[in-house]
>>> print(open('final-v7.cif').read())   # mmCIF, C-alpha atoms and all ligand atoms
data_upload
#
loop_
_atom_site.label_atom_id
_atom_site.label_comp_id
_atom_site.auth_asym_id
_atom_site.auth_seq_id
_atom_site.Cartn_x
_atom_site.Cartn_y
_atom_site.Cartn_z
CA MET A 14 85.66 91.61 94.32
CA ARG A 15 85.49 92.96 97.86
CA LEU A 16 89.18 93.21 98.64
CA GLY A 17 91.03 94.13 101.83
CA ILE A 18 94.64 95.27 101.96
CA PHE A 19 96.37 94.85 105.28
CA GLY A 20 99.81 96.44 105.34
CA GLY A 21 102.29 96.27 108.17
CA THR A 22 105.82 95.67 109.23
CA PHE A 23 104.72 92.27 110.55
CA ASN A 24 107.94 91.98 112.57
CA PRO A 25 106.63 89.38 113.34
CA ILE A 26 102.95 88.82 112.48
CA HIS A 27 100.99 87.81 115.60
CA LEU A 28 97.58 86.46 116.58
CA GLY A 29 96.35 90.05 117.16
CA HIS A 30 96.87 90.82 113.45
CA LEU A 31 95.24 87.60 112.34
CA ARG A 32 92.19 87.72 114.59
CA VAL A 33 91.34 91.38 113.91
CA ALA A 34 91.77 90.84 110.17
CA GLU A 35 89.38 87.90 110.37
CA GLU A 36 86.82 90.04 112.22
CA VAL A 37 87.10 92.83 109.64
CA ARG A 38 86.73 90.30 106.84
CA GLU A 39 83.53 88.97 108.37
CA THR A 40 82.08 92.38 109.28
CA LEU A 41 82.73 93.95 105.85
CA GLU A 42 82.08 90.71 103.94
CA LEU A 43 85.45 90.84 102.23
CA GLU A 44 86.26 88.06 99.80
CA LYS A 45 89.99 88.32 100.24
CA ILE A 46 92.53 90.06 102.45
CA LEU A 47 96.01 90.64 101.07
CA PHE A 48 98.69 90.87 103.74
CA VAL A 49 101.43 93.18 102.49
CA PRO A 50 104.64 93.22 104.55
CA SER A 51 106.55 96.46 104.06
CA TYR A 52 110.13 96.49 102.86
CA LEU A 53 111.23 99.68 104.62
CA PRO A 54 108.46 101.21 106.71
CA PRO A 55 108.84 105.01 106.35
CA HIS A 56 107.46 105.61 109.87
CA LYS A 57 109.32 103.11 111.95
CA GLU A 58 112.78 101.91 112.71
CA LEU A 59 112.91 98.33 111.54
CA ASP A 60 113.77 96.86 114.92
CA SER A 61 116.15 93.88 114.75
CA GLY A 62 116.70 94.57 111.03
CA VAL A 63 114.79 91.44 110.02
CA PRO A 64 114.96 91.38 106.19
CA GLY A 65 111.80 91.62 104.12
CA GLY A 66 112.27 88.11 102.77
CA ILE A 67 112.18 86.63 106.27
CA ARG A 68 109.12 88.64 107.34
CA LEU A 69 107.48 87.55 104.10
CA GLU A 70 108.15 83.92 104.94
CA ILE A 71 106.74 84.39 108.45
CA VAL A 72 103.52 85.90 107.04
CA ARG A 73 103.28 83.17 104.39
CA ARG A 74 103.29 80.53 107.12
CA ALA A 75 100.78 82.47 109.23
CA VAL A 76 98.15 82.96 106.50
CA SER A 77 98.47 79.65 104.67
CA SER A 78 95.60 77.93 106.51
CA ASN A 79 93.02 80.68 105.90
CA PRO A 80 91.48 80.51 102.40
CA PHE A 81 90.48 84.20 102.60
CA PHE A 82 94.00 85.39 103.44
CA GLU A 83 96.79 85.84 100.92
CA LEU A 84 100.31 87.15 100.98
CA SER A 85 101.46 89.96 98.68
CA ALA A 86 105.21 90.33 98.11
CA PHE A 87 104.69 93.64 96.26
CA GLU A 88 106.43 95.98 98.72
CA VAL A 89 109.31 93.62 99.46
CA GLU A 90 109.87 93.02 95.75
CA GLN A 91 109.70 96.75 94.99
CA GLY A 92 112.31 97.51 97.65
CA GLY A 93 113.02 101.03 98.88
CA ASN A 94 110.58 102.99 101.00
CA SER A 95 107.21 101.28 101.20
CA TYR A 96 104.59 103.92 100.49
CA SER A 97 101.03 102.68 100.93
CA VAL A 98 99.77 105.01 98.24
CA ARG A 99 101.94 103.25 95.65
CA THR A 100 100.90 99.81 96.88
CA ILE A 101 97.19 100.60 96.85
CA ASP A 102 97.45 102.18 93.41
CA HIS A 103 99.08 99.02 92.10
CA LEU A 104 96.69 96.57 93.79
CA ARG A 105 93.51 98.44 92.83
CA ARG A 106 94.57 98.33 89.16
CA LEU A 107 95.54 94.68 89.38
CA HIS A 108 92.25 93.64 90.99
CA ARG A 109 90.08 96.30 89.30
CA THR A 110 88.38 97.35 92.49
CA THR A 111 88.46 100.01 95.18
CA PRO A 112 89.93 98.06 98.07
CA TYR A 113 89.47 98.48 101.81
CA PHE A 114 92.75 99.56 103.36
CA ILE A 115 92.81 97.94 106.81
CA LEU A 116 94.73 99.54 109.66
CA GLY A 117 94.64 99.92 113.43
CA GLN A 118 93.38 103.06 115.14
CA ASP A 119 96.95 103.86 116.30
CA ALA A 120 98.16 103.90 112.70
CA PHE A 121 95.12 105.82 111.44
CA ASN A 122 95.69 108.56 114.03
CA GLU A 123 99.05 109.27 112.34
CA ILE A 124 97.76 109.13 108.78
CA LEU A 125 98.45 112.77 107.90
CA THR A 126 102.18 112.12 108.34
CA TRP A 127 102.06 109.45 105.61
CA TYR A 128 103.40 110.08 102.12
CA ASP A 129 100.70 111.58 99.86
CA ALA A 130 98.09 110.94 102.55
CA GLN A 131 95.31 112.93 100.87
CA ARG A 132 95.49 110.74 97.81
CA LEU A 133 95.05 107.58 99.86
CA PHE A 134 91.43 108.57 100.50
CA ASP A 135 90.80 108.82 96.76
CA LEU A 136 92.20 105.34 96.14
CA ALA A 137 90.69 103.22 98.89
CA HIS A 138 88.02 102.77 101.49
CA PHE A 139 89.41 102.68 105.01
CA ALA A 140 88.63 100.07 107.65
CA VAL A 141 89.95 101.36 110.97
CA MET A 142 90.17 98.77 113.73
CA SER A 143 90.02 99.56 117.43
CA ARG A 144 93.21 98.76 119.31
CA PRO A 145 93.93 98.71 123.05
CA GLY A 146 95.71 101.90 124.09
CA ALA A 147 94.62 103.87 120.99
CA ILE A 148 91.91 106.49 121.36
CA ARG A 149 89.37 107.15 118.62
CA PRO A 150 89.38 110.94 118.22
CA ASP A 151 86.98 112.97 116.16
CA LEU A 152 87.65 112.64 112.42
CA LYS A 153 88.59 116.32 112.17
CA ASP A 154 91.24 115.87 114.86
CA VAL A 155 92.90 113.20 112.67
CA LEU A 156 92.32 114.56 109.17
CA ALA A 157 92.34 118.30 109.91
CA GLU A 158 90.83 120.23 106.96
CA ALA A 159 90.65 117.05 104.86
CA ALA A 160 87.85 115.90 107.19
CA SER A 161 85.57 118.41 105.46
CA ARG A 162 85.61 116.16 102.38
CA PHE A 163 83.74 113.49 104.34
CA GLU A 164 80.10 113.30 105.37
CA LYS A 165 78.89 111.34 108.35
CA THR A 166 76.67 108.35 107.58
CA SER A 167 75.12 105.51 109.57
CA TYR A 168 78.17 103.28 108.98
CA GLY A 169 80.98 105.85 109.20
CA TYR A 170 81.99 108.53 106.69
CA VAL A 171 81.87 108.88 102.92
CA ASN A 172 83.52 111.33 100.50
CA SER A 173 82.27 112.65 97.14
CA GLN A 174 83.81 109.67 95.32
CA GLY A 175 81.88 107.23 97.47
CA ASN A 176 85.00 106.15 99.36
CA ARG A 177 84.24 105.24 102.94
CA ILE A 178 85.93 105.34 106.29
CA VAL A 179 84.46 102.62 108.48
CA PHE A 180 85.37 102.05 112.13
CA VAL A 181 85.29 98.41 113.19
CA ASP A 182 85.23 97.49 116.87
CA VAL A 183 87.27 94.34 117.10
CA THR A 184 88.11 92.12 120.07
CA PRO A 185 90.68 94.02 122.13
CA LEU A 186 93.87 91.98 121.91
CA ASP A 187 96.78 93.71 123.55
CA ILE A 188 99.42 91.94 121.47
CA SER A 189 102.15 93.77 119.57
CA SER A 190 105.17 92.73 117.55
CA SER A 191 107.41 94.72 119.89
CA LYS A 192 106.16 92.71 122.86
CA ILE A 193 106.96 89.49 121.00
CA ARG A 194 110.45 90.66 120.05
CA ASP A 195 111.09 91.60 123.70
CA LEU A 196 109.95 88.20 124.93
CA CYS A 197 112.20 86.44 122.39
CA ARG A 198 115.20 88.51 123.44
CA GLN A 199 114.58 87.60 127.05
CA GLY A 200 114.36 83.94 126.06
CA ARG A 201 110.72 83.82 127.18
CA SER A 202 107.75 81.99 125.70
CA ILE A 203 105.70 83.41 122.80
CA THR A 204 103.33 80.44 122.73
CA TYR A 205 99.67 81.52 122.10
CA LEU A 206 100.79 84.99 120.92
CA VAL A 207 101.75 83.83 117.41
CA PRO A 208 100.59 80.86 115.33
CA ARG A 209 102.47 77.65 116.07
CA GLU A 210 104.13 77.54 112.64
CA VAL A 211 105.40 81.10 113.19
CA GLU A 212 106.76 80.26 116.62
CA GLU A 213 108.58 77.21 115.22
CA TYR A 214 110.13 79.24 112.40
CA ILE A 215 111.24 82.08 114.71
CA ARG A 216 112.79 79.57 117.10
CA SER A 217 114.50 77.42 114.49
CA GLU A 218 115.97 80.43 112.63
CA ARG A 219 116.75 82.27 115.92
CA ILE A 220 115.29 85.41 114.37
CA TYR A 221 114.88 87.65 117.41
CA GLU A 222 117.59 86.30 119.69
P1 LIG B 301 105.21 97.08 116.67
O1 LIG B 301 104.90 96.57 118.05
O2 LIG B 301 106.53 96.65 116.13
O3 LIG B 301 104.99 98.57 116.56
P2 LIG B 301 102.59 96.18 115.64
O4 LIG B 301 102.20 95.09 116.57
O5 LIG B 301 101.89 97.49 115.78
O6 LIG B 301 104.18 96.39 115.64
P3 LIG B 301 102.47 96.34 112.73
O7 LIG B 301 102.97 95.32 111.77
O8 LIG B 301 103.17 97.63 112.83
O9 LIG B 301 102.42 95.60 114.17
O10 LIG B 301 100.91 96.58 112.51
C1 LIG B 301 100.29 96.55 111.26
C2 LIG B 301 98.90 97.07 111.42
O11 LIG B 301 98.15 96.22 112.30
C3 LIG B 301 98.80 98.48 112.01
O12 LIG B 301 97.79 99.18 111.31
C4 LIG B 301 98.38 98.24 113.45
O13 LIG B 301 97.63 99.31 113.97
C5 LIG B 301 97.53 96.98 113.34
N1 LIG B 301 97.55 96.15 114.55
C6 LIG B 301 98.60 95.48 115.04
N2 LIG B 301 98.28 94.80 116.17
C7 LIG B 301 96.96 95.06 116.39
C8 LIG B 301 96.04 94.65 117.42
N3 LIG B 301 96.43 93.86 118.43
N4 LIG B 301 94.76 95.11 117.34
C9 LIG B 301 94.39 95.93 116.31
N5 LIG B 301 95.22 96.34 115.32
C10 LIG B 301 96.48 95.92 115.35
#
>>> encode(input="final-v7.cif", output="structure tokens", more="lines below")
Ligand code: ATP
Amino acid sequence: MRLGIFGGTFNPIHLGHLRVAEEVRETLELEKILFVPSYLPPHKELDSGVPGGIRLEIVRRAVSSNPFFELSAFEVEQGGNSYSVRTIDHLRRLHRTTPYFILGQDAFNEILTWYDAQRLFDLAHFAVMSRPGAIRPDLKDVLAEAASRFEKTSYGYVNSQGNRIVFVDVTPLDISSSKIRDLCRQGRSITYLVPREVEEYIRSERIYE
């Protein structure tokens, strides 16, 4: 099974997330992408304090029409700090595969600050998506000495275990969750930035007002 794992705060999920995930799925011929909303992101303040259960419901609505997309409640059900290394370890055992961990270039550039970052590269392939405003530095500028474990190939990088880092140029969509939260707070429209069912839910539950 060619599996993708797409983690995020998803506060809320937006059309940027969905479109770039679809492009990665197509490019890497993934059979399934699991969207995993974090419970407590270790790297971010959870702006607006929207509970995991609500963000889970928003993602459920957003992915329901795509047969390749699925929601995972793992991190929300686990509670506590959401460490990707624990999530990937769990999901790779469950699905008996080395998954592709999907993340934006902005997030990848910070990867060494993540909990047990070195181990992440032993557990998963990485699919790093371009994102407006995020530069793509040299691998050694991001991974420091850990970069020496990777060899350059025609498609990206590979380590001695055969785990890859692949860079995927996706359609630049300058959409962010923070922009959407700001628009909501100002009482402005978020139409065409999030799926319609997400917009309806956010409005009816007054989530970011
Ligand atoms: P915020 O604005 O609150 O910081 P965000 O829009 O970055 O949120 P997250 O849920 O933090 O959303 O993102 C989850 C993952 O999706 C991250 O790896 C991030 O880099 C990636 N991502 C989010 N939006 C885009 C986008 N428009 N293009 C490419 N990658 C994206």
>>> residues_around(input="final-v7.cif", residues="stretch 118-129 of chain A", least_positions_apart="4", cutoff="12 Å", atoms="all atoms listed in the file", output="mmCIF file with C-alpha atoms, keeping the file's coordinate frame")
data_model
loop_
_atom_site.group_PDB
_atom_site.id
_atom_site.type_symbol
_atom_site.label_atom_id
_atom_site.label_comp_id
_atom_site.auth_asym_id
_atom_site.auth_seq_id
_atom_site.Cartn_x
_atom_site.Cartn_y
_atom_site.Cartn_z
ATOM 1 C CA PHE A 19 96.370 94.850 105.280
ATOM 2 C CA GLY A 20 99.810 96.440 105.340
ATOM 3 C CA GLY A 21 102.290 96.270 108.170
ATOM 4 C CA THR A 22 105.820 95.670 109.230
ATOM 5 C CA VAL A 33 91.340 91.380 113.910
ATOM 6 C CA PRO A 54 108.460 101.210 106.710
ATOM 7 C CA PRO A 55 108.840 105.010 106.350
ATOM 8 C CA HIS A 56 107.460 105.610 109.870
ATOM 9 C CA LYS A 57 109.320 103.110 111.950
ATOM 10 C CA ASN A 94 110.580 102.990 101.000
ATOM 11 C CA SER A 95 107.210 101.280 101.200
ATOM 12 C CA TYR A 96 104.590 103.920 100.490
ATOM 13 C CA SER A 97 101.030 102.680 100.930
ATOM 14 C CA VAL A 98 99.770 105.010 98.240
ATOM 15 C CA ARG A 99 101.940 103.250 95.650
ATOM 16 C CA THR A 100 100.900 99.810 96.880
ATOM 17 C CA ILE A 101 97.190 100.600 96.850
ATOM 18 C CA ASP A 102 97.450 102.180 93.410
ATOM 19 C CA PHE A 114 92.750 99.560 103.360
ATOM 20 C CA LEU A 133 95.050 107.580 99.860
ATOM 21 C CA PHE A 134 91.430 108.570 100.500
ATOM 22 C CA ASP A 135 90.800 108.820 96.760
ATOM 23 C CA LEU A 136 92.200 105.340 96.140
ATOM 24 C CA PHE A 139 89.410 102.680 105.010
ATOM 25 C CA ALA A 140 88.630 100.070 107.650
ATOM 26 C CA VAL A 141 89.950 101.360 110.970
ATOM 27 C CA MET A 142 90.170 98.770 113.730
ATOM 28 C CA SER A 143 90.020 99.560 117.430
ATOM 29 C CA ARG A 144 93.210 98.760 119.310
ATOM 30 C CA PRO A 145 93.930 98.710 123.050
ATOM 31 C CA GLY A 146 95.710 101.900 124.090
ATOM 32 C CA ALA A 147 94.620 103.870 120.990
ATOM 33 C CA ILE A 148 91.910 106.490 121.360
ATOM 34 C CA ARG A 149 89.370 107.150 118.620
ATOM 35 C CA PRO A 150 89.380 110.940 118.220
ATOM 36 C CA ASP A 151 86.980 112.970 116.160
ATOM 37 C CA LEU A 152 87.650 112.640 112.420
ATOM 38 C CA LYS A 153 88.590 116.320 112.170
ATOM 39 C CA ASP A 154 91.240 115.870 114.860
ATOM 40 C CA VAL A 155 92.900 113.200 112.670
ATOM 41 C CA LEU A 156 92.320 114.560 109.170
ATOM 42 C CA ALA A 157 92.340 118.300 109.910
ATOM 43 C CA GLU A 158 90.830 120.230 106.960
ATOM 44 C CA ALA A 159 90.650 117.050 104.860
ATOM 45 C CA ALA A 160 87.850 115.900 107.190
ATOM 46 C CA ILE A 178 85.930 105.340 106.290
ATOM 47 C CA VAL A 179 84.460 102.620 108.480
ATOM 48 C CA PHE A 180 85.370 102.050 112.130
ATOM 49 C CA VAL A 181 85.290 98.410 113.190
ATOM 50 C CA ASP A 182 85.230 97.490 116.870
ATOM 51 C CA VAL A 183 87.270 94.340 117.100
ATOM 52 C CA PRO A 185 90.680 94.020 122.130
ATOM 53 C CA SER A 189 102.150 93.770 119.570
#
>>> closest_residue(input="final-v7.cif", among="A:Leu84, A:Gly93, A:Ser190, A:Leu47", to="ligand LIG 301 (chain B)", atoms="all atoms listed in the file")
A:Ser190
>>> closest_residue(input="final-v7.cif", among="A:Ser217, A:Thr184, A:Ser78, A:Gln199", to="ligand LIG 301 (chain B)", atoms="all atoms listed in the file")
A:Thr184
>>> atom_distance(input="final-v7.cif", atom1="atom C8 of ligand LIG 301 (chain B)", atom2="atom CA of A:Tyr113")
17.4 Å
>>> residues_around(input="final-v7.cif", residues="A:Ser202", least_positions_apart="4", cutoff="12 Å", atoms="only C-alpha atoms", output="list of chain:residue names")
A:Lys192, A:Ile193, A:Arg194, A:Asp195, A:Leu196, A:Cys197, A:Arg198, A:Leu206, A:Val207, A:Arg209, A:Glu212, A:Glu213, A:Ile215, A:Arg216
>>> closest_residue(input="final-v7.cif", among="A:Ile26, A:Met14, A:Leu69, A:Ile203", to="A:Glu44", atoms="all atoms listed in the file")
A:Met14
>>> closest_residue(input="final-v7.cif", among="A:Glu164, A:Glu222, A:Glu210, A:Asp187", to="ligand LIG 301 (chain B)", atoms="all atoms listed in the file")
A:Asp187
>>> closest_residue(input="final-v7.cif", among="A:Thr40, A:Ser191, A:Thr204, A:Ser161", to="ligand LIG 301 (chain B)", atoms="all atoms listed in the file")
A:Ser191
>>> closest_residue(input="final-v7.cif", among="A:Ile18, A:Val37, A:Ala75, A:Leu186", to="ligand LIG 301 (chain B)", atoms="all atoms listed in the file")
A:Leu186
>>> atom_distance(input="final-v7.cif", atom1="atom CA of A:Pro50", atom2="atom CA of A:Pro64")
10.6 Å
>>> axis_aligned_box(input="final-v7.cif", around="stretch 154-166 of chain A", padding_each_side="6 Å", output="AutoDock Vina command-line options")
--center_x 84.8 --center_y 114.3 --center_z 108.6 --size_x 28.2 --size_y 23.9 --size_z 24.5
>>> atom_distance(input="final-v7.cif", atom1="atom CA of A:Gly200", atom2="atom CA of A:Leu31")
23.8 Å
>>> residues_near_point(input="final-v7.cif", point="(90.5, 92.2, 101.4)", cutoff="6 Å", atoms="all atoms listed in the file", output="list in words")
Leu16, Gly17, Ile18, Leu43, Lys45, Ile46 and Leu47 of chain A
>>> decode(input="final-v7.cif", residues="stretch 107-118 of chain A", atoms="all heavy atoms", output="PDB file, in the first residue's frame")
ATOM      1  N   LEU A 107       0.381  -0.311  11.722  1.00  0.00           N
ATOM      2  CA  LEU A 107      -1.012  -0.622  11.403  1.00  0.00           C
ATOM      3  C   LEU A 107      -1.179  -0.987   9.925  1.00  0.00           C
ATOM      4  O   LEU A 107      -1.886  -1.926   9.577  1.00  0.00           O
ATOM      5  CB  LEU A 107      -1.875   0.610  11.741  1.00  0.00           C
ATOM      6  CG  LEU A 107      -3.369   0.465  11.694  1.00  0.00           C
ATOM      7  CD1 LEU A 107      -3.841  -0.452  12.830  1.00  0.00           C
ATOM      8  CD2 LEU A 107      -4.035   1.841  11.843  1.00  0.00           C
ATOM      9  N   HIS A 108      -0.509  -0.249   9.053  1.00  0.00           N
ATOM     10  CA  HIS A 108      -0.692  -0.452   7.609  1.00  0.00           C
ATOM     11  C   HIS A 108       0.425  -1.281   6.990  1.00  0.00           C
ATOM     12  O   HIS A 108       0.426  -1.515   5.788  1.00  0.00           O
ATOM     13  CB  HIS A 108      -0.808   0.906   6.910  1.00  0.00           C
ATOM     14  CG  HIS A 108      -2.028   1.675   7.312  1.00  0.00           C
ATOM     15  ND1 HIS A 108      -3.259   1.477   6.717  1.00  0.00           N
ATOM     16  CD2 HIS A 108      -2.226   2.598   8.277  1.00  0.00           C
ATOM     17  CE1 HIS A 108      -4.155   2.281   7.291  1.00  0.00           C
ATOM     18  NE2 HIS A 108      -3.549   2.957   8.240  1.00  0.00           N
ATOM     19  N   ARG A 109       1.389  -1.685   7.803  1.00  0.00           N
ATOM     20  CA  ARG A 109       2.514  -2.518   7.360  1.00  0.00           C
ATOM     21  C   ARG A 109       3.190  -1.962   6.116  1.00  0.00           C
ATOM     22  O   ARG A 109       3.346  -2.647   5.101  1.00  0.00           O
ATOM     23  CB  ARG A 109       2.046  -3.956   7.087  1.00  0.00           C
ATOM     24  CG  ARG A 109       1.527  -4.643   8.321  1.00  0.00           C
ATOM     25  CD  ARG A 109       1.572  -6.148   8.152  1.00  0.00           C
ATOM     26  NE  ARG A 109       0.896  -6.795   9.249  1.00  0.00           N
ATOM     27  CZ  ARG A 109      -0.393  -7.099   9.251  1.00  0.00           C
ATOM     28  NH1 ARG A 109      -1.135  -6.827   8.197  1.00  0.00           N
ATOM     29  NH2 ARG A 109      -0.931  -7.694  10.292  1.00  0.00           N
ATOM     30  N   THR A 110       3.556  -0.703   6.198  1.00  0.00           N
ATOM     31  CA  THR A 110       4.242  -0.075   5.074  1.00  0.00           C
ATOM     32  C   THR A 110       5.088   1.088   5.574  1.00  0.00           C
ATOM     33  O   THR A 110       4.856   1.595   6.675  1.00  0.00           O
ATOM     34  CB  THR A 110       3.208   0.441   4.045  1.00  0.00           C
ATOM     35  OG1 THR A 110       3.897   0.903   2.888  1.00  0.00           O
ATOM     36  CG2 THR A 110       2.352   1.582   4.596  1.00  0.00           C
ATOM     37  N   THR A 111       6.062   1.488   4.776  1.00  0.00           N
ATOM     38  CA  THR A 111       6.792   2.728   5.070  1.00  0.00           C
ATOM     39  C   THR A 111       6.033   3.857   4.371  1.00  0.00           C
ATOM     40  O   THR A 111       6.019   3.922   3.151  1.00  0.00           O
ATOM     41  CB  THR A 111       8.240   2.653   4.536  1.00  0.00           C
ATOM     42  OG1 THR A 111       8.887   1.554   5.184  1.00  0.00           O
ATOM     43  CG2 THR A 111       8.996   3.943   4.832  1.00  0.00           C
ATOM     44  N   PRO A 112       5.381   4.713   5.148  1.00  0.00           N
ATOM     45  CA  PRO A 112       4.539   5.729   4.527  1.00  0.00           C
ATOM     46  C   PRO A 112       5.349   6.930   4.032  1.00  0.00           C
ATOM     47  O   PRO A 112       6.512   7.091   4.394  1.00  0.00           O
ATOM     48  CB  PRO A 112       3.627   6.166   5.689  1.00  0.00           C
ATOM     49  CG  PRO A 112       4.439   5.918   6.912  1.00  0.00           C
ATOM     50  CD  PRO A 112       5.351   4.763   6.619  1.00  0.00           C
ATOM     51  N   TYR A 113       4.713   7.742   3.208  1.00  0.00           N
ATOM     52  CA  TYR A 113       5.249   9.059   2.867  1.00  0.00           C
ATOM     53  C   TYR A 113       4.670  10.056   3.852  1.00  0.00           C
ATOM     54  O   TYR A 113       3.457  10.180   3.963  1.00  0.00           O
ATOM     55  CB  TYR A 113       4.840   9.476   1.445  1.00  0.00           C
ATOM     56  CG  TYR A 113       5.751   8.930   0.390  1.00  0.00           C
ATOM     57  CD1 TYR A 113       5.523   7.677  -0.163  1.00  0.00           C
ATOM     58  CD2 TYR A 113       6.847   9.668  -0.047  1.00  0.00           C
ATOM     59  CE1 TYR A 113       6.369   7.156  -1.131  1.00  0.00           C
ATOM     60  CE2 TYR A 113       7.702   9.151  -1.018  1.00  0.00           C
ATOM     61  CZ  TYR A 113       7.456   7.909  -1.556  1.00  0.00           C
ATOM     62  OH  TYR A 113       8.295   7.394  -2.509  1.00  0.00           O
ATOM     63  N   PHE A 114       5.535  10.738   4.573  1.00  0.00           N
ATOM     64  CA  PHE A 114       5.089  11.804   5.465  1.00  0.00           C
ATOM     65  C   PHE A 114       5.069  13.090   4.637  1.00  0.00           C
ATOM     66  O   PHE A 114       6.093  13.503   4.086  1.00  0.00           O
ATOM     67  CB  PHE A 114       6.047  11.920   6.655  1.00  0.00           C
ATOM     68  CG  PHE A 114       5.574  12.879   7.700  1.00  0.00           C
ATOM     69  CD1 PHE A 114       4.391  12.637   8.379  1.00  0.00           C
ATOM     70  CD2 PHE A 114       6.290  14.017   8.001  1.00  0.00           C
ATOM     71  CE1 PHE A 114       3.931  13.523   9.356  1.00  0.00           C
ATOM     72  CE2 PHE A 114       5.843  14.905   8.973  1.00  0.00           C
ATOM     73  CZ  PHE A 114       4.654  14.657   9.642  1.00  0.00           C
ATOM     74  N   ILE A 115       3.891  13.699   4.523  1.00  0.00           N
ATOM     75  CA  ILE A 115       3.700  14.844   3.628  1.00  0.00           C
ATOM     76  C   ILE A 115       3.726  16.128   4.455  1.00  0.00           C
ATOM     77  O   ILE A 115       2.991  16.249   5.436  1.00  0.00           O
ATOM     78  CB  ILE A 115       2.338  14.712   2.905  1.00  0.00           C
ATOM     79  CG1 ILE A 115       2.288  13.402   2.112  1.00  0.00           C
ATOM     80  CG2 ILE A 115       2.080  15.914   2.010  1.00  0.00           C
ATOM     81  CD1 ILE A 115       0.886  13.042   1.609  1.00  0.00           C
ATOM     82  N   LEU A 116       4.547  17.069   4.033  1.00  0.00           N
ATOM     83  CA  LEU A 116       4.577  18.354   4.752  1.00  0.00           C
ATOM     84  C   LEU A 116       5.034  19.466   3.823  1.00  0.00           C
ATOM     85  O   LEU A 116       5.631  19.209   2.774  1.00  0.00           O
ATOM     86  CB  LEU A 116       5.443  18.272   6.012  1.00  0.00           C
ATOM     87  CG  LEU A 116       6.954  18.325   5.931  1.00  0.00           C
ATOM     88  CD1 LEU A 116       7.552  18.260   7.329  1.00  0.00           C
ATOM     89  CD2 LEU A 116       7.527  17.239   5.077  1.00  0.00           C
ATOM     90  N   GLY A 117       4.708  20.697   4.190  1.00  0.00           N
ATOM     91  CA  GLY A 117       5.107  21.844   3.384  1.00  0.00           C
ATOM     92  C   GLY A 117       6.568  22.200   3.631  1.00  0.00           C
ATOM     93  O   GLY A 117       7.151  21.840   4.663  1.00  0.00           O
ATOM     94  N   GLN A 118       7.138  22.921   2.671  1.00  0.00           N
ATOM     95  CA  GLN A 118       8.553  23.309   2.789  1.00  0.00           C
ATOM     96  C   GLN A 118       8.811  24.120   4.064  1.00  0.00           C
ATOM     97  O   GLN A 118       9.842  23.973   4.713  1.00  0.00           O
ATOM     98  CB  GLN A 118       8.949  24.138   1.547  1.00  0.00           C
ATOM     99  CG  GLN A 118      10.398  24.544   1.509  1.00  0.00           C
ATOM    100  CD  GLN A 118      11.334  23.416   1.084  1.00  0.00           C
ATOM    101  OE1 GLN A 118      11.115  22.773   0.071  1.00  0.00           O
ATOM    102  NE2 GLN A 118      12.392  23.185   1.861  1.00  0.00           N
TER     103      GLN A 118
END
